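This report concerns only the one structure given below.
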Amino acid sequence: MIVRHQAAVAGAVGALLLLLVAGAPAAACEFVYTLIGPDGEERSIETSNTTTLREGAAYTLRMAYREDHRNCNIGPEDTLYLLDGARWRLERETQPLVLTTEPAWNQPSSRSHVGELQFTAATAGEWSLELIRTCHRDGYAGTLRFVVEEN
Amino acid sequence: MQGKTVRKEGAPVDGAENVLDPGRRSHGSGHGETPDRAARLGYRPRGEETAKGLLGAGEWSAGRYVAQIAFLVVIVGGATLRNLAAEGYQVPFFMPELHGICPIGAVQSLGRLITDAGYLFDPSRGHLWVLAGVLLVSLLMGAAFCGRLCPLGTVQEWIGKLGRRLLKSRYGRRGRAWRGRAWRGRAWLGRAWLGRAWLGRAWLGRAWLGRSVASRYAGLIRYGAFAFVLAAGAGWIAFELDLINPSVALVHMWTAAVPVTGALVFFGVLGASLVVERPWCRFLCPYGVLQTNAARVSPWTIRRSPAACNGCRECDRRCPLGVAVSRTVAVRDDRCTRCGVCVAACPIPGALSYSAPRGRAPIRSGLVASVAVLVLLVTPIVLASGIGLYGTSPDAQVSAEFDPETISPMMSLEELAAAAGVAELELLALLGLPPDYDTAVYLFDIEEDQEHEHITVGFIRETLSDRLSD
């Protein structure tokens, strides 16, 4: 009797475990952003906030992420950058934020990555920069919002 | 003071306390007494307990072991499959790297929530709902997650069993390894530093530096760990938590690279587990801070009926974490993981139970307790799924209500057509692409072609948004 009871409850435990793990999403690789201004001042920026930039000023965007509890097989170089929905291309002066250096990544520790890119806030207005890392294990998608103010 | 009162309440009716040796270990049904005396004291043979519906230690333990083993297999096995899987291969149904389960990752996520409230409402950040499940378990059933599911706790417990076999009486049961026989017996600190005046009671050596500091106040280190991890999660401290995370090492080190320091912490915890029961849980675990504090109000806890208890203290002796169950009516000790060993060991039917106030709704089996923990754990996830705050996969999000603003540049045209519910030809016409255009092309690649340079992801989003609003 006890054995049957145990088997039944063990089955229920197994089923619940399966439900738990089947429904669980992957924990994505979270990015942490730091913006370094022309005066060298560093400030942390969040995807939920809008960051103000000065027209014509040059900035460095530092991006850091960690492969959360997983070993991602998509390298940081495969991160996709979309500025207002279009690919952010090097030295393309028709884009409101002009990318002046390609993102350079390094790996300070296992599964941690830090990258930097430089850009110039060329055109006044409100612009969005999407950073996307797509993989079968969820990846990451974040949007930074910038307001470039006229001088 | 409390101890004296409770001991009085719990004293056997026939003055059994005088004939019992509190230090004696009881084995089997005899409890070290003759059958007549055992019966007089209220003991019942184990077989009789089972026949009456009480559950023996075996079943309580089995119920817990089933859950512990299953969870460990799922977590480590799933991670292993992932780590070994070829690039691009997705292991179905195995999403074991849940921050909500990791003792550091969960608190880290909570820290992140402090500085980014939007994190909670992001459907792809579901581990916060796992964390909510763990807290729900703690609020209702105490720190039962630690005792029944936590993989790191499970491994420590198993190593502890090995430690007991190797060290026997020297194993740090009830915190003895910390306070040590030297301190307890000779109170050397009291003698050497404070002279014989202190020796009479040796309160400094025994009480302050002994059990209290080691087993209780040392647990305060966890609060420091909690604050540190929370601050790191919030971004106030720049520190790579994986460097000290034994959970990552436990899950990944067999099949993937982990920080050497993390592996050292992990093996340090295992080594300490050989001499002390669950050292990580008791002294370091930041997640334990959340759980044990939530557990202070849990209706289901280990409850002692002073009227039924005969004061034999078998529960105290059997508790692997040294909780003085016999000195309380409802266990609220931070160390208690609701493993139920004390309940199973109690020789008096009804004297101890894992139940709600006044002994209501007692949990009578280890397996039932494990199932209840699992049900509570998944409840917030199910609820969050119901209101769209818990995503299961990127595909599932796409197939939900289509929102052009969320179009991913990594979608192909054919995937976009399916998600938007439009025919491929119609989509091509809408975007101004020729009818024979390859629909397997990713959206972000379309602008690579100079002829279609204007068809950016932003353009596609706008176009589809306009089309859907018409």
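Going through the structure tokens in order, the chains are called A, B, and so on, while each chain numbers its residues from 1 and the ligands are numbered from 1 in the order shown.
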Could you name the residues that touch Glu424 of chain B at 12 Å or less, counting only C-alpha atoms, but leaving out those on the same chain fewer than 5 positions away, as a list of chain:residue names?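 The residues that qualify are B:Ser412, B:Leu413, B:Glu414, B:Glu415, B:Leu416, B:Ala417, B:Ala418, B:Ala419, B:Ala429, B:Leu430, B:Leu431, B:Leu433, B:Pro434, B:Pro435, B:Asp436, B:Tyr437, B:Asp438, B:Thr439, B:Ala440.
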Test item, strand (DSSP E or B) assignment across segment 340-463 of chain B, answer as a ChimeraX atom specification: /B:352-355,412,442
Might you pull out every residue within 9 Å of Val147 of chain A, with only C-alpha atoms counted and same-chain residues fewer than 6 positions away left off, and present them as a compact mmCIF listing (two decimals) with N, CA and C atoms, in the first residue's frame?
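See around-v2.txt below for the written result:
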```txt
# COMPACT_ATOMS: atom_id res chain seq x y z
N THR A 50 15.46 57.39 -20.71
CA THR A 50 15.98 58.09 -21.88
C THR A 50 17.24 58.85 -21.46
N THR A 51 18.24 58.78 -22.31
CA THR A 51 19.52 59.43 -22.00
C THR A 51 19.69 60.64 -22.91
N THR A 52 20.10 61.74 -22.30
CA THR A 52 20.27 62.97 -23.07
C THR A 52 21.72 63.10 -23.54
N LEU A 53 21.87 63.46 -24.81
CA LEU A 53 23.20 63.65 -25.40
C LEU A 53 23.28 65.07 -25.96
N ARG A 54 24.50 65.53 -26.14
CA ARG A 54 24.68 66.85 -26.75
C ARG A 54 25.04 66.70 -28.22
N ALA A 124 20.12 66.22 -33.96
CA ALA A 124 19.20 66.40 -32.85
C ALA A 124 17.92 65.61 -33.08
N GLY A 125 17.36 65.15 -32.01
CA GLY A 125 16.13 64.37 -32.12
C GLY A 125 16.12 63.24 -31.12
N GLU A 126 15.12 62.38 -31.26
CA GLU A 126 15.00 61.25 -30.33
C GLU A 126 15.27 59.98 -31.12
N TRP A 127 16.20 59.19 -30.65
CA TRP A 127 16.64 58.02 -31.40
C TRP A 127 16.68 56.79 -30.50
N SER A 128 16.46 55.65 -31.11
CA SER A 128 16.52 54.42 -30.32
C SER A 128 17.60 53.51 -30.88
```
Expressed in Å to a single decimal, how great is the separation between atom CA of Ala106 of chain B and atom CA of Asn293 of chain B? 15.4 Å
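For the set A:Arg111, A:Glu30, A:Tyr140, A:Ala122, the residue with the smallest atom-to-atom gap to Thr94 of chain A is A:Ala122, counting only C-alpha atoms.
Nearest residue to Leu140 of chain B among B:Ile75, B:Val375, B:Met410, B:Val260 is B:Val375, counting only C-alpha atoms.
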Find the residues near Thr100 of chain A: any atom within 8 Å, counting only C-alpha atoms, skip ones fewer than 4 places away on the same chain, and give them as a ChimeraX atom specification. /A:90-91,117-120
Please return as an MDAnalysis selection string: the residues of segment 236-411 of chain B that backbone DSSP assigns to helix (DSSP H, G or I). chainID B and resid 241:244 246:252 260:273 279:284 286:295 314:318 325:327 341:345 357:359 366:386 394:399 404:406
Just C-alpha atoms for this one: save the residues we selected as an mmCIF file, in the first residue's frame.
```cif
data_model
loop_
_atom_site.group_PDB
_atom_site.id
_atom_site.type_symbol
_atom_site.label_atom_id
_atom_site.label_comp_id
_atom_site.auth_asym_id
_atom_site.auth_seq_id
_atom_site.Cartn_x
_atom_site.Cartn_y
_atom_site.Cartn_z
ATOM 1 C CA LEU B 241 29.239 36.936 -8.658
ATOM 2 C CA ASP B 242 30.016 33.811 -10.642
ATOM 3 C CA LEU B 243 33.482 34.028 -9.163
ATOM 4 C CA ILE B 244 32.097 32.933 -5.801
ATOM 5 C CA PRO B 246 29.175 27.371 -5.840
ATOM 6 C CA SER B 247 25.859 26.709 -7.536
ATOM 7 C CA VAL B 248 27.253 27.510 -10.977
ATOM 8 C CA ALA B 249 30.174 25.216 -10.245
ATOM 9 C CA LEU B 250 27.879 22.414 -9.119
ATOM 10 C CA VAL B 251 25.735 22.654 -12.216
ATOM 11 C CA HIS B 252 28.318 23.338 -14.901
ATOM 12 C CA VAL B 260 38.338 28.475 -10.613
ATOM 13 C CA THR B 261 37.349 30.495 -7.559
ATOM 14 C CA GLY B 262 33.751 29.357 -7.874
ATOM 15 C CA ALA B 263 34.912 25.737 -8.035
ATOM 16 C CA LEU B 264 37.097 26.325 -4.974
ATOM 17 C CA VAL B 265 34.144 27.739 -3.061
ATOM 18 C CA PHE B 266 32.094 24.732 -4.114
ATOM 19 C CA PHE B 267 34.684 22.227 -2.969
ATOM 20 C CA GLY B 268 35.232 24.258 0.180
ATOM 21 C CA VAL B 269 31.542 23.921 0.938
ATOM 22 C CA LEU B 270 31.709 20.189 0.264
ATOM 23 C CA GLY B 271 34.746 19.868 2.526
ATOM 24 C CA ALA B 272 33.042 21.780 5.299
ATOM 25 C CA SER B 273 29.971 19.580 4.834
ATOM 26 C CA PRO B 279 27.514 24.902 6.107
ATOM 27 C CA TRP B 280 26.527 26.951 3.055
ATOM 28 C CA CYS B 281 22.859 27.005 4.030
ATOM 29 C CA ARG B 282 23.528 27.911 7.650
ATOM 30 C CA PHE B 283 26.308 30.410 7.372
ATOM 31 C CA LEU B 284 26.507 31.806 3.866
ATOM 32 C CA PRO B 286 21.942 34.754 0.773
ATOM 33 C CA TYR B 287 18.786 33.108 -0.513
ATOM 34 C CA GLY B 288 18.351 31.513 2.896
ATOM 35 C CA VAL B 289 17.917 34.983 4.384
ATOM 36 C CA LEU B 290 14.835 35.540 2.284
ATOM 37 C CA GLN B 291 13.461 32.108 2.906
ATOM 38 C CA THR B 292 14.032 31.855 6.633
ATOM 39 C CA ASN B 293 12.574 35.292 7.240
ATOM 40 C CA ALA B 294 9.524 34.458 5.167
ATOM 41 C CA ALA B 295 9.331 31.199 7.102
ATOM 42 C CA GLU B 314 14.568 12.389 20.704
ATOM 43 C CA CYS B 315 13.609 15.142 18.254
ATOM 44 C CA ASP B 316 16.527 17.283 19.435
ATOM 45 C CA ARG B 317 18.952 14.430 19.058
ATOM 46 C CA ARG B 318 17.727 13.470 15.612
ATOM 47 C CA VAL B 325 12.540 21.164 18.854
ATOM 48 C CA SER B 326 11.613 20.023 22.358
ATOM 49 C CA ARG B 327 12.006 23.525 23.736
ATOM 50 C CA VAL B 341 13.208 14.003 10.630
ATOM 51 C CA CYS B 342 12.071 15.073 14.098
ATOM 52 C CA VAL B 343 8.439 14.277 13.325
ATOM 53 C CA ALA B 344 9.354 10.840 12.061
ATOM 54 C CA ALA B 345 11.625 10.216 15.036
ATOM 55 C CA PRO B 357 -1.732 26.144 13.971
ATOM 56 C CA ARG B 358 -3.463 23.892 16.502
ATOM 57 C CA GLY B 359 -2.285 20.856 14.637
ATOM 58 C CA GLY B 366 7.442 13.304 3.108
ATOM 59 C CA LEU B 367 6.153 12.774 -0.401
ATOM 60 C CA VAL B 368 3.047 14.842 0.223
ATOM 61 C CA ALA B 369 5.259 17.597 1.604
ATOM 62 C CA SER B 370 7.450 17.426 -1.504
ATOM 63 C CA VAL B 371 4.464 17.588 -3.833
ATOM 64 C CA ALA B 372 3.031 20.510 -1.880
ATOM 65 C CA VAL B 373 6.350 22.339 -2.208
ATOM 66 C CA LEU B 374 6.402 21.740 -5.949
ATOM 67 C CA VAL B 375 2.801 22.863 -6.378
ATOM 68 C CA LEU B 376 3.510 26.082 -4.496
ATOM 69 C CA LEU B 377 6.698 26.595 -6.465
ATOM 70 C CA VAL B 378 4.933 26.484 -9.826
ATOM 71 C CA THR B 379 1.840 28.428 -8.737
ATOM 72 C CA PRO B 380 3.237 31.950 -9.375
ATOM 73 C CA ILE B 381 4.639 30.756 -12.700
ATOM 74 C CA VAL B 382 1.240 29.462 -13.778
ATOM 75 C CA LEU B 383 -0.465 32.666 -12.644
ATOM 76 C CA ALA B 384 2.125 34.861 -14.350
ATOM 77 C CA SER B 385 1.715 32.842 -17.530
ATOM 78 C CA GLY B 386 -2.012 33.433 -17.342
ATOM 79 C CA PRO B 394 10.736 33.502 -28.012
ATOM 80 C CA ASP B 395 8.548 31.563 -30.434
ATOM 81 C CA ALA B 396 5.675 31.562 -28.010
ATOM 82 C CA GLN B 397 5.940 35.312 -27.713
ATOM 83 C CA VAL B 398 5.818 35.702 -31.462
ATOM 84 C CA SER B 399 2.816 33.479 -31.845
ATOM 85 C CA PRO B 404 4.677 45.019 -35.260
ATOM 86 C CA GLU B 405 6.830 46.917 -32.787
ATOM 87 C CA THR B 406 8.235 43.650 -31.497
#
```
Between atom CA of Phe402 of chain B and atom CA of Ala117 of chain B, what is the distance, to one decimal in Å?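 Between these atoms lies a distance of 24.6 Å.
Minimum atom-to-atom distances from B:Arg165, B:Arg304, B:Arg112, B:Arg360 to chain A were compared using only C-alpha atoms, and the lowest value belongs to B:Arg112.
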